[in-house]
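Undergrad: So I've got this file, model.cif, and it contains mmCIF, C-alpha atoms:
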```cif
data_upload
loop_
_atom_site.label_atom_id
_atom_site.label_comp_id
_atom_site.auth_asym_id
_atom_site.auth_seq_id
_atom_site.Cartn_x
_atom_site.Cartn_y
_atom_site.Cartn_z
CA MET A 1 -3.94 -21.07 -23.78
CA HIS A 2 -7.10 -20.00 -21.95
CA LEU A 3 -8.81 -16.89 -23.31
CA LEU A 4 -10.73 -14.86 -20.75
CA ASN A 5 -14.03 -13.15 -21.47
CA ARG A 6 -16.28 -10.78 -19.56
CA HIS A 7 -16.98 -13.37 -16.86
CA ILE A 8 -14.86 -12.88 -13.73
CA GLU A 9 -13.15 -16.26 -13.57
CA PHE A 10 -9.80 -17.98 -14.12
CA PRO A 11 -8.86 -21.55 -15.03
CA PRO A 12 -7.16 -23.70 -12.36
CA VAL A 13 -3.56 -22.56 -11.87
CA HIS A 14 -2.15 -26.02 -12.56
CA LEU A 15 -3.05 -25.42 -16.21
CA ALA A 16 -0.41 -22.68 -16.47
CA SER A 17 2.39 -23.19 -18.98
CA LYS A 18 5.90 -24.17 -17.92
CA GLU A 19 6.78 -20.46 -17.98
CA GLY A 20 3.83 -19.68 -15.72
CA ILE A 21 1.37 -18.17 -18.22
CA LEU A 22 -2.19 -19.13 -17.29
CA ALA A 23 -4.50 -17.00 -19.44
CA ILE A 24 -4.78 -13.92 -21.62
CA GLY A 25 -7.47 -11.30 -22.06
CA GLY A 26 -10.16 -10.11 -19.70
CA ASP A 27 -9.80 -6.76 -17.95
CA LEU A 28 -8.15 -5.09 -14.97
CA SER A 29 -11.32 -4.42 -13.00
CA PRO A 30 -11.01 -4.47 -9.20
CA GLU A 31 -13.19 -7.59 -9.05
CA ARG A 32 -10.97 -9.52 -11.44
CA LEU A 33 -7.75 -8.34 -9.80
CA VAL A 34 -8.97 -9.32 -6.34
CA LEU A 35 -9.95 -12.79 -7.57
CA ALA A 36 -6.56 -13.11 -9.28
CA TYR A 37 -4.53 -12.28 -6.19
CA LYS A 38 -6.67 -14.49 -3.98
CA SER A 39 -5.99 -17.31 -6.46
CA GLY A 40 -2.22 -16.84 -6.75
CA ILE A 41 -2.44 -15.11 -10.16
CA PHE A 42 -1.10 -11.73 -11.28
CA PRO A 43 -1.06 -9.69 -14.53
CA TRP A 44 2.23 -8.94 -16.29
CA PHE A 45 2.40 -7.74 -19.88
CA ASP A 46 3.87 -5.08 -22.15
CA ASP A 47 1.98 -2.10 -23.49
CA ASP A 48 1.59 -3.61 -26.96
CA GLU A 49 0.32 -6.98 -25.68
CA PRO A 50 -3.06 -8.23 -24.45
CA ILE A 51 -3.38 -8.73 -20.69
CA VAL A 52 -1.34 -11.79 -19.69
CA TRP A 53 -2.08 -13.59 -16.41
CA TRP A 54 0.64 -15.57 -14.61
CA SER A 55 0.90 -18.19 -11.88
CA PRO A 56 4.52 -19.40 -11.90
CA ASP A 57 5.79 -22.57 -10.28
CA PRO A 58 7.94 -22.24 -8.23
CA ARG A 59 6.89 -18.98 -6.59
CA PHE A 60 9.41 -16.46 -5.24
CA VAL A 61 8.50 -15.34 -1.71
CA LEU A 62 9.91 -13.77 1.42
CA PHE A 63 9.05 -15.11 4.86
CA PRO A 64 9.36 -12.28 7.39
CA ASN A 65 11.50 -14.37 9.73
CA GLN A 66 13.93 -15.05 6.88
CA LEU A 67 14.58 -11.36 6.16
CA LYS A 68 18.32 -10.70 5.84
CA VAL A 69 19.56 -7.29 6.94
CA SER A 70 23.30 -6.75 6.55
CA LYS A 71 25.33 -4.87 9.16
CA SER A 72 25.90 -2.06 6.70
CA MET A 73 22.17 -1.82 5.94
CA THR A 74 21.39 -1.81 9.67
CA GLN A 75 23.72 1.15 10.07
CA ILE A 76 22.14 2.94 7.12
CA LEU A 77 18.68 2.49 8.59
CA ARG A 78 19.88 3.71 11.97
CA ASN A 79 21.95 6.67 10.81
CA SER A 80 20.46 7.88 7.51
CA ASP A 81 18.10 10.78 7.05
CA PHE A 82 15.51 8.58 5.33
CA GLU A 83 11.92 9.19 6.37
CA ILE A 84 9.68 6.23 5.57
CA THR A 85 5.91 6.53 5.24
CA VAL A 86 3.01 4.32 4.19
CA ASN A 87 0.29 5.38 1.75
CA LYS A 88 1.41 9.00 1.69
CA ASP A 89 1.68 9.24 -2.11
CA PHE A 90 0.66 6.04 -3.90
CA LYS A 91 0.34 7.76 -7.28
CA ALA A 92 3.88 9.12 -7.14
CA VAL A 93 5.30 5.73 -6.18
CA ILE A 94 3.63 3.85 -9.04
CA GLU A 95 4.61 6.62 -11.46
CA HIS A 96 8.26 6.34 -10.43
CA CYS A 97 8.11 2.54 -10.63
CA SER A 98 6.83 2.82 -14.18
CA SER A 99 9.41 5.34 -15.35
CA VAL A 100 12.67 4.39 -13.64
CA LYS A 101 15.23 2.82 -15.95
CA ARG A 102 16.16 -0.78 -15.15
CA ASP A 103 19.10 -2.83 -16.37
CA GLY A 104 18.12 -5.22 -19.15
CA GLN A 105 14.68 -3.70 -19.72
CA LYS A 106 13.78 -1.56 -22.72
CA GLY A 107 10.50 -0.27 -21.33
CA THR A 108 7.99 -0.83 -18.56
CA TRP A 109 5.25 -3.35 -17.89
CA ILE A 110 3.47 -0.79 -15.70
CA THR A 111 1.31 0.56 -18.50
CA LYS A 112 -1.17 3.43 -18.32
CA HIS A 113 -3.99 0.92 -17.79
CA MET A 114 -2.03 -0.88 -15.09
CA LYS A 115 -1.43 2.38 -13.22
CA SER A 116 -5.11 3.29 -13.38
CA ALA A 117 -6.14 -0.17 -12.17
CA TYR A 118 -3.80 -0.20 -9.17
CA ILE A 119 -4.63 3.38 -8.21
CA ARG A 120 -8.25 2.22 -8.13
CA LEU A 121 -7.27 -0.71 -5.90
CA HIS A 122 -5.50 1.74 -3.62
CA GLU A 123 -8.61 3.92 -3.43
CA LEU A 124 -10.51 0.79 -2.38
CA GLY A 125 -7.98 0.06 0.37
CA LEU A 126 -6.53 -2.98 -1.44
CA ALA A 127 -3.16 -1.62 -2.57
CA THR A 128 -0.44 -0.10 -0.41
CA SER A 129 2.57 2.10 -1.07
CA VAL A 130 5.70 2.64 1.01
CA GLU A 131 7.59 5.87 0.42
CA VAL A 132 11.18 6.82 1.24
CA TRP A 133 11.87 10.54 1.59
CA LEU A 134 15.18 12.38 1.79
CA ASN A 135 15.13 16.12 2.43
CA ASN A 136 11.40 16.08 1.64
CA GLU A 137 12.02 14.50 -1.77
CA LEU A 138 10.64 11.07 -2.78
CA VAL A 139 13.73 8.94 -3.45
CA GLY A 140 12.43 5.38 -3.25
CA GLY A 141 9.52 3.14 -2.49
CA LEU A 142 7.40 0.15 -3.36
CA TYR A 143 3.78 -0.79 -3.84
CA GLY A 144 1.75 -3.96 -3.72
CA VAL A 145 -1.63 -5.57 -3.16
CA ASP A 146 -3.27 -6.68 0.08
CA VAL A 147 -6.56 -8.57 -0.29
CA ASN A 148 -6.87 -9.15 3.46
CA ASN A 149 -5.56 -12.72 3.63
CA GLY A 150 -2.29 -12.02 5.45
CA VAL A 151 -0.16 -12.04 2.30
CA PHE A 152 1.35 -8.90 0.79
CA CYS A 153 1.77 -9.20 -2.96
CA GLY A 154 4.66 -6.96 -3.94
CA GLU A 155 4.42 -5.44 -7.41
CA SER A 156 7.34 -3.09 -7.95
CA MET A 157 9.94 -0.94 -6.20
CA PHE A 158 12.27 1.88 -7.18
CA SER A 159 15.32 3.76 -5.92
CA LEU A 160 16.63 7.14 -6.96
CA VAL A 161 19.43 6.98 -4.36
CA SER A 162 21.38 4.01 -3.04
CA ASN A 163 19.56 1.64 -0.68
CA ALA A 164 16.21 3.50 -0.77
CA SER A 165 14.13 0.54 -1.98
CA LYS A 166 15.91 -1.76 0.48
CA ALA A 167 15.07 0.66 3.27
CA ALA A 168 11.41 0.65 2.18
CA LEU A 169 11.11 -3.13 2.08
CA ILE A 170 13.05 -3.85 5.27
CA THR A 171 11.15 -1.26 7.28
CA PHE A 172 7.80 -2.46 5.92
CA VAL A 173 8.53 -6.12 6.65
CA GLN A 174 9.77 -5.35 10.16
CA ASN A 175 6.77 -3.21 11.05
CA THR A 176 3.90 -5.27 9.68
CA ASN A 177 2.43 -8.66 10.56
CA TYR A 178 2.13 -10.36 7.17
CA LYS A 179 2.71 -14.09 7.15
CA LEU A 180 4.26 -13.96 3.69
CA PHE A 181 5.49 -11.48 1.08
CA ASP A 182 4.88 -12.57 -2.51
CA CYS A 183 7.79 -11.47 -4.71
CA GLN A 184 6.35 -13.34 -7.72
CA VAL A 185 9.49 -14.11 -9.77
CA TYR A 186 13.17 -14.45 -8.94
CA THR A 187 15.53 -11.46 -8.67
CA ASN A 188 19.06 -11.32 -7.27
CA HIS A 189 18.16 -8.19 -5.35
CA LEU A 190 15.36 -9.84 -3.39
CA GLU A 191 17.28 -13.07 -2.89
CA SER A 192 19.96 -11.03 -1.13
CA LEU A 193 17.27 -9.93 1.32
CA GLY A 194 16.18 -13.49 2.06
CA ALA A 195 13.56 -14.27 -0.57
CA GLU A 196 13.37 -17.88 -1.78
CA GLU A 197 11.49 -20.09 -4.21
CA ILE A 198 8.79 -22.45 -2.94
CA PRO A 199 6.41 -24.78 -4.81
CA ARG A 200 3.27 -23.09 -6.10
CA ASN A 201 1.03 -25.44 -4.11
CA GLU A 202 2.79 -24.41 -0.91
CA PHE A 203 2.37 -20.75 -1.81
CA LEU A 204 -1.35 -21.26 -2.49
CA SER A 205 -1.81 -22.73 0.98
CA TYR A 206 -0.93 -19.33 2.47
CA LEU A 207 -3.71 -17.58 0.54
CA ASP A 208 -6.57 -19.30 2.36
#
```
Mind turning the file's structure into structure tokens?
TA:
Amino acid sequence: MHLLNRHIEFPPVHLASKEGILAIGGDLSPERLVLAYKSGIFPWFDDDEPIVWWSPDPRFVLFPNQLKVSKSMTQILRNSDFEITVNKDFKAVIEHCSSVKRDGQKGTWITKHMKSAYIRLHELGLATSVEVWLNNELVGGLYGVDVNNGVFCGESMFSLVSNASKAALITFVQNTNYKLFDCQVYTNHLESLGAEEIPRNEFLSYLD
């Protein structure tokens, strides 16, 4: 296991464990996070753990032209009262993502330090939020990282009402020009929307 120090660097991703763990330690400075995302690496750890850096193989991604929108979801997007915005309230989105209860999870990996780090990235123009509003209330959304290489690295999403996070993702994908959406690790929810696993080396080729 590679231990990071104050130097802003990572080992080659092929040295990651079978589970995808590449390194531990370091910090969540903007410089380190930018290097991580440009290298196909992301942090994911619990509040009582050191920072853990991942680069799984295979990688779970969504190609925009593979997006699946069901007939029922198309009707919801056409007929609902959802209002969808971008970067209107990043702090509220990440706060909701950190606090919403999820099946099979006892707590959250979006720690206080993680929130501060990604809010800083947002202030630097390197992290984006999508908000879903209903009757002027925030009911869903997502956030992720964009280091200007044509890939959007999704971090988390939330819904307080049915289909809100789906509405956020579908609308964002359909109205942006990213070549790839990084979903990081497999979920049934994202597979239903067209996400798929590809080899890590193939994923890395999109980061250039």
Undergrad: Pick out the closest residue to Val13 in chain A from this set: A:Arg78, A:Lys38, A:Lys112, A:Arg32. Count all atoms listed in the file.
TA: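 Closest residue, counting all atoms listed in the file: A:Lys38.
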Undergrad: Could you check which residues have any atom within 7 Å of (6.6, 2.0, 2.8), counting only C-alpha atoms with coordinates taken straight from the file, and then list them as a PyMOL selection string?
TA: chain A and resi 84-86+129-132+141-142+168-169+172
Undergrad: Excluding Asp182 in chain A and residues on its chain fewer than 6 positions from it, collect all residues at most 9 Å away from it, counting all atoms listed in the file, and give them as a ChimeraX atom specification.
TA: /A:59-63,151-155,203
Undergrad: Distance CA of Lys166 in chain A-CA of Lys71 in chain A, one decimal place?
TA: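 About the pair CA of Lys166 in chain A and CA of Lys71 in chain A: they are 13.2 Å apart.
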Undergrad: When the PyMOL selection byres ((chain A and resi 163) around 12) is applied to the structure above, which residues does it catch, written out as an MDAnalysis selection string?
TA: chainID A and resid 69:70 72:77 80 82 132:134 139:141 157:162 164:171 189 193
Undergrad: Write a file of the just-selected residues containing C-alpha atoms, as a JSON list (two decimals), in the frame of the given file.
TA:
```json
[["chain", "number", "residue", "atom", "x", "y", "z"],
["A", 69, "VAL", "CA", 19.56, -7.29, 6.94],
["A", 70, "SER", "CA", 23.30, -6.75, 6.55],
["A", 72, "SER", "CA", 25.90, -2.06, 6.70],
["A", 73, "MET", "CA", 22.17, -1.82, 5.94],
["A", 74, "THR", "CA", 21.39, -1.81, 9.67],
["A", 75, "GLN", "CA", 23.72, 1.15, 10.07],
["A", 76, "ILE", "CA", 22.14, 2.94, 7.12],
["A", 77, "LEU", "CA", 18.68, 2.49, 8.59],
["A", 80, "SER", "CA", 20.46, 7.88, 7.51],
["A", 82, "PHE", "CA", 15.51, 8.58, 5.33],
["A", 132, "VAL", "CA", 11.18, 6.82, 1.24],
["A", 133, "TRP", "CA", 11.87, 10.54, 1.59],
["A", 134, "LEU", "CA", 15.18, 12.38, 1.79],
["A", 139, "VAL", "CA", 13.73, 8.94, -3.45],
["A", 140, "GLY", "CA", 12.43, 5.38, -3.25],
["A", 141, "GLY", "CA", 9.52, 3.14, -2.49],
["A", 157, "MET", "CA", 9.94, -0.94, -6.20],
["A", 158, "PHE", "CA", 12.27, 1.88, -7.18],
["A", 159, "SER", "CA", 15.32, 3.76, -5.92],
["A", 160, "LEU", "CA", 16.63, 7.14, -6.96],
["A", 161, "VAL", "CA", 19.43, 6.98, -4.36],
["A", 162, "SER", "CA", 21.38, 4.01, -3.04],
["A", 164, "ALA", "CA", 16.21, 3.50, -0.77],
["A", 165, "SER", "CA", 14.13, 0.54, -1.98],
["A", 166, "LYS", "CA", 15.91, -1.76, 0.48],
["A", 167, "ALA", "CA", 15.07, 0.66, 3.27],
["A", 168, "ALA", "CA", 11.41, 0.65, 2.18],
["A", 169, "LEU", "CA", 11.11, -3.13, 2.08],
["A", 170, "ILE", "CA", 13.05, -3.85, 5.27],
["A", 171, "THR", "CA", 11.15, -1.26, 7.28],
["A", 189, "HIS", "CA", 18.16, -8.19, -5.35],
["A", 193, "LEU", "CA", 17.27, -9.93, 1.32]]
```
Undergrad: Can you measure CA of Asp48 in chain A to CA of Ile21 in chain A for me? One decimal in Å is fine.
TA: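 Answer for the CA of Asp48 in chain A to CA of Ile21 in chain A separation: 17.0 Å.
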Undergrad: Counting only C-alpha atoms, what is within 10 Å of Pro12 in chain A, bar same-chain residues fewer than 6 positions away, as a PyMOL selection string?
TA: chain A and resi 22+39+55
Undergrad: Pick out the closest residue to Arg120 in chain A from this set: A:Pro199, A:Gly25, A:Pro30, A:Pro50. Count only C-alpha atoms.
TA: A:Pro30
Undergrad: Using only C-alpha atoms, which residue out of A:Leu138, A:Ala36, A:Ile94, A:Leu126 lies closest to Leu204 in chain A?
TA: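 Nearest candidate to Leu204 in chain A out of A:Leu138, A:Ala36, A:Ile94, A:Leu126: A:Ala36.
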Undergrad: Give me, please, the distance in Å between CA of His2 in chain A and CA of Phe45 in chain A, quoted to one decimal.
TA: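 Computed distance, CA of His2 in chain A to CA of Phe45 in chain A, equals 15.6 Å.
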Undergrad: His122 in chain A: which residues within 12 Å, counting only C-alpha atoms, same-chain residues fewer than 2 positions away excluded, as a PDB file with C-alpha atoms, in the frame of the given file?
TA:
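Writing done, so here's out.pdb:
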```pdb
ATOM      1  CA  PRO A  30     -11.010  -4.470  -9.200  1.00  0.00           C
ATOM      2  CA  VAL A  34      -8.970  -9.320  -6.340  1.00  0.00           C
ATOM      3  CA  VAL A  86       3.010   4.320   4.190  1.00  0.00           C
ATOM      4  CA  ASN A  87       0.290   5.380   1.750  1.00  0.00           C
ATOM      5  CA  LYS A  88       1.410   9.000   1.690  1.00  0.00           C
ATOM      6  CA  ASP A  89       1.680   9.240  -2.110  1.00  0.00           C
ATOM      7  CA  PHE A  90       0.660   6.040  -3.900  1.00  0.00           C
ATOM      8  CA  LYS A  91       0.340   7.760  -7.280  1.00  0.00           C
ATOM      9  CA  VAL A  93       5.300   5.730  -6.180  1.00  0.00           C
ATOM     10  CA  ILE A  94       3.630   3.850  -9.040  1.00  0.00           C
ATOM     11  CA  LYS A 115      -1.430   2.380 -13.220  1.00  0.00           C
ATOM     12  CA  SER A 116      -5.110   3.290 -13.380  1.00  0.00           C
ATOM     13  CA  ALA A 117      -6.140  -0.170 -12.170  1.00  0.00           C
ATOM     14  CA  TYR A 118      -3.800  -0.200  -9.170  1.00  0.00           C
ATOM     15  CA  ILE A 119      -4.630   3.380  -8.210  1.00  0.00           C
ATOM     16  CA  ARG A 120      -8.250   2.220  -8.130  1.00  0.00           C
ATOM     17  CA  LEU A 124     -10.510   0.790  -2.380  1.00  0.00           C
ATOM     18  CA  GLY A 125      -7.980   0.060   0.370  1.00  0.00           C
ATOM     19  CA  LEU A 126      -6.530  -2.980  -1.440  1.00  0.00           C
ATOM     20  CA  ALA A 127      -3.160  -1.620  -2.570  1.00  0.00           C
ATOM     21  CA  THR A 128      -0.440  -0.100  -0.410  1.00  0.00           C
ATOM     22  CA  SER A 129       2.570   2.100  -1.070  1.00  0.00           C
ATOM     23  CA  TYR A 143       3.780  -0.790  -3.840  1.00  0.00           C
ATOM     24  CA  GLY A 144       1.750  -3.960  -3.720  1.00  0.00           C
ATOM     25  CA  VAL A 145      -1.630  -5.570  -3.160  1.00  0.00           C
ATOM     26  CA  ASP A 146      -3.270  -6.680   0.080  1.00  0.00           C
ATOM     27  CA  VAL A 147      -6.560  -8.570  -0.290  1.00  0.00           C
TER      28      VAL A 147
END
```
Undergrad: Using only C-alpha atoms, which residue out of A:Tyr37, A:Trp109, A:Tyr206, A:Tyr186 lies closest to Val52 in chain A?
TA: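 Using only C-alpha atoms, Val52 in chain A sits closest to A:Trp109.
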Undergrad: Restricting the calculation to all atoms listed in the file: of A:Gln184, A:Leu121, A:Asp46, A:Leu67, which residue gets closest to Leu33 in chain A?
TA: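 Once distances to Leu33 in chain A are computed over all atoms listed in the file, the minimum belongs to A:Leu121.
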Undergrad: Could you tell me which residues the PyMOL selection byres ((chain A and resi 178) around 7) returns for this structure, as a list in words?
TA: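 When the PyMOL selection byres ((chain A and resi 178) around 7) is applied, the selected residues are Gly150, Val151, Phe152, Thr176, Asn177, Lys179 and Leu180 of chain A.
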Undergrad: For Leu3 in chain A, which of A:Ser17, A:Ala23, A:Met114, A:Val100 is the closest residue, counting only C-alpha atoms?
TA: A:Ala23
Undergrad: Taking the file as shown, what set of residues would the PyMOL selection byres ((chain A and resi 6) around 12) give back, as a compact mmCIF listing (two decimals) with C-alpha atoms, in the coordinates of the input?
TA:
```txt
# COMPACT_ATOMS: atom_id res chain seq x y z
CA LEU A 3 -8.81 -16.89 -23.31
CA LEU A 4 -10.73 -14.86 -20.75
CA ASN A 5 -14.03 -13.15 -21.47
CA HIS A 7 -16.98 -13.37 -16.86
CA ILE A 8 -14.86 -12.88 -13.73
CA GLU A 9 -13.15 -16.26 -13.57
CA PHE A 10 -9.80 -17.98 -14.12
CA GLY A 25 -7.47 -11.30 -22.06
CA GLY A 26 -10.16 -10.11 -19.70
CA ASP A 27 -9.80 -6.76 -17.95
CA LEU A 28 -8.15 -5.09 -14.97
CA SER A 29 -11.32 -4.42 -13.00
CA GLU A 31 -13.19 -7.59 -9.05
CA ARG A 32 -10.97 -9.52 -11.44
```
Undergrad: Could you add whatever atoms are missing so that range 62-73 of chain A carries all heavy atoms, then write the result as an mmCIF file, in the coordinates of the input?
TA:
```cif
data_model
loop_
_atom_site.group_PDB
_atom_site.id
_atom_site.type_symbol
_atom_site.label_atom_id
_atom_site.label_comp_id
_atom_site.auth_asym_id
_atom_site.auth_seq_id
_atom_site.Cartn_x
_atom_site.Cartn_y
_atom_site.Cartn_z
ATOM 1 N N LEU A 62 9.084 -14.127 0.267
ATOM 2 C CA LEU A 62 9.910 -13.770 1.420
ATOM 3 C C LEU A 62 9.112 -14.025 2.690
ATOM 4 O O LEU A 62 8.038 -13.451 2.885
ATOM 5 C CB LEU A 62 10.306 -12.288 1.350
ATOM 6 C CG LEU A 62 11.044 -11.727 2.571
ATOM 7 C CD1 LEU A 62 12.401 -12.407 2.750
ATOM 8 C CD2 LEU A 62 11.217 -10.214 2.459
ATOM 9 N N PHE A 63 9.626 -14.909 3.531
ATOM 10 C CA PHE A 63 9.050 -15.110 4.860
ATOM 11 C C PHE A 63 9.648 -14.053 5.789
ATOM 12 O O PHE A 63 10.877 -13.877 5.807
ATOM 13 C CB PHE A 63 9.356 -16.507 5.377
ATOM 14 C CG PHE A 63 8.677 -17.612 4.612
ATOM 15 C CD1 PHE A 63 9.359 -18.311 3.629
ATOM 16 C CD2 PHE A 63 7.354 -17.938 4.871
ATOM 17 C CE1 PHE A 63 8.737 -19.327 2.917
ATOM 18 C CE2 PHE A 63 6.718 -18.958 4.166
ATOM 19 C CZ PHE A 63 7.417 -19.644 3.186
ATOM 20 N N PRO A 64 8.826 -13.348 6.548
ATOM 21 C CA PRO A 64 9.360 -12.280 7.390
ATOM 22 C C PRO A 64 10.510 -12.705 8.295
ATOM 23 O O PRO A 64 11.469 -11.944 8.486
ATOM 24 C CB PRO A 64 8.137 -11.837 8.207
ATOM 25 C CG PRO A 64 6.978 -12.156 7.335
ATOM 26 C CD PRO A 64 7.356 -13.422 6.611
ATOM 27 N N ASN A 65 10.428 -13.927 8.832
ATOM 28 C CA ASN A 65 11.500 -14.370 9.730
ATOM 29 C C ASN A 65 12.766 -14.773 9.006
ATOM 30 O O ASN A 65 13.771 -15.104 9.645
ATOM 31 C CB ASN A 65 11.012 -15.505 10.641
ATOM 32 C CG ASN A 65 10.611 -16.754 9.871
ATOM 33 O OD1 ASN A 65 10.645 -16.769 8.638
ATOM 34 N ND2 ASN A 65 10.218 -17.800 10.577
ATOM 35 N N GLN A 66 12.741 -14.747 7.672
ATOM 36 C CA GLN A 66 13.930 -15.050 6.880
ATOM 37 C C GLN A 66 14.565 -13.782 6.299
ATOM 38 O O GLN A 66 15.528 -13.867 5.535
ATOM 39 C CB GLN A 66 13.564 -16.003 5.736
ATOM 40 C CG GLN A 66 13.063 -17.367 6.186
ATOM 41 C CD GLN A 66 14.111 -18.143 6.970
ATOM 42 O OE1 GLN A 66 15.275 -18.165 6.600
ATOM 43 N NE2 GLN A 66 13.696 -18.760 8.073
ATOM 44 N N LEU A 67 14.036 -12.623 6.662
ATOM 45 C CA LEU A 67 14.580 -11.360 6.160
ATOM 46 C C LEU A 67 16.038 -11.209 6.561
ATOM 47 O O LEU A 67 16.394 -11.371 7.729
ATOM 48 C CB LEU A 67 13.757 -10.197 6.714
ATOM 49 C CG LEU A 67 14.221 -8.796 6.325
ATOM 50 C CD1 LEU A 67 14.023 -8.537 4.842
ATOM 51 C CD2 LEU A 67 13.485 -7.746 7.170
ATOM 52 N N LYS A 68 16.881 -10.896 5.591
ATOM 53 C CA LYS A 68 18.320 -10.700 5.840
ATOM 54 C C LYS A 68 18.632 -9.207 5.773
ATOM 55 O O LYS A 68 18.402 -8.555 4.765
ATOM 56 C CB LYS A 68 19.144 -11.437 4.789
ATOM 57 C CG LYS A 68 19.000 -12.947 4.812
ATOM 58 C CD LYS A 68 19.840 -13.580 3.714
ATOM 59 C CE LYS A 68 19.680 -15.092 3.686
ATOM 60 N NZ LYS A 68 20.461 -15.701 2.571
ATOM 61 N N VAL A 69 19.159 -8.690 6.883
ATOM 62 C CA VAL A 69 19.560 -7.290 6.940
ATOM 63 C C VAL A 69 21.040 -7.239 7.276
ATOM 64 O O VAL A 69 21.442 -7.645 8.368
ATOM 65 C CB VAL A 69 18.747 -6.508 7.985
ATOM 66 C CG1 VAL A 69 19.111 -5.028 7.930
ATOM 67 C CG2 VAL A 69 17.258 -6.700 7.773
ATOM 68 N N SER A 70 21.852 -6.786 6.341
ATOM 69 C CA SER A 70 23.300 -6.750 6.550
ATOM 70 C C SER A 70 23.657 -5.713 7.619
ATOM 71 O O SER A 70 22.862 -4.812 7.937
ATOM 72 C CB SER A 70 24.003 -6.397 5.241
ATOM 73 O OG SER A 70 23.685 -5.079 4.841
ATOM 74 N N LYS A 71 24.870 -5.842 8.163
ATOM 75 C CA LYS A 71 25.330 -4.870 9.160
ATOM 76 C C LYS A 71 25.371 -3.464 8.573
ATOM 77 O O LYS A 71 24.999 -2.495 9.229
ATOM 78 C CB LYS A 71 26.708 -5.273 9.679
ATOM 79 C CG LYS A 71 26.709 -6.525 10.548
ATOM 80 C CD LYS A 71 28.102 -6.835 11.060
ATOM 81 C CE LYS A 71 28.099 -8.077 11.936
ATOM 82 N NZ LYS A 71 29.468 -8.413 12.435
ATOM 83 N N SER A 72 25.821 -3.379 7.318
ATOM 84 C CA SER A 72 25.900 -2.060 6.700
ATOM 85 C C SER A 72 24.507 -1.459 6.499
ATOM 86 O O SER A 72 24.307 -0.255 6.689
ATOM 87 C CB SER A 72 26.635 -2.151 5.354
ATOM 88 O OG SER A 72 25.941 -3.014 4.455
ATOM 89 N N MET A 73 23.534 -2.314 6.125
ATOM 90 C CA MET A 73 22.170 -1.820 5.940
ATOM 91 C C MET A 73 21.560 -1.430 7.276
ATOM 92 O O MET A 73 20.807 -0.443 7.357
ATOM 93 C CB MET A 73 21.322 -2.883 5.238
ATOM 94 C CG MET A 73 20.025 -2.346 4.662
ATOM 95 S SD MET A 73 20.294 -1.143 3.355
ATOM 96 C CE MET A 73 18.851 -0.099 3.582
#
```
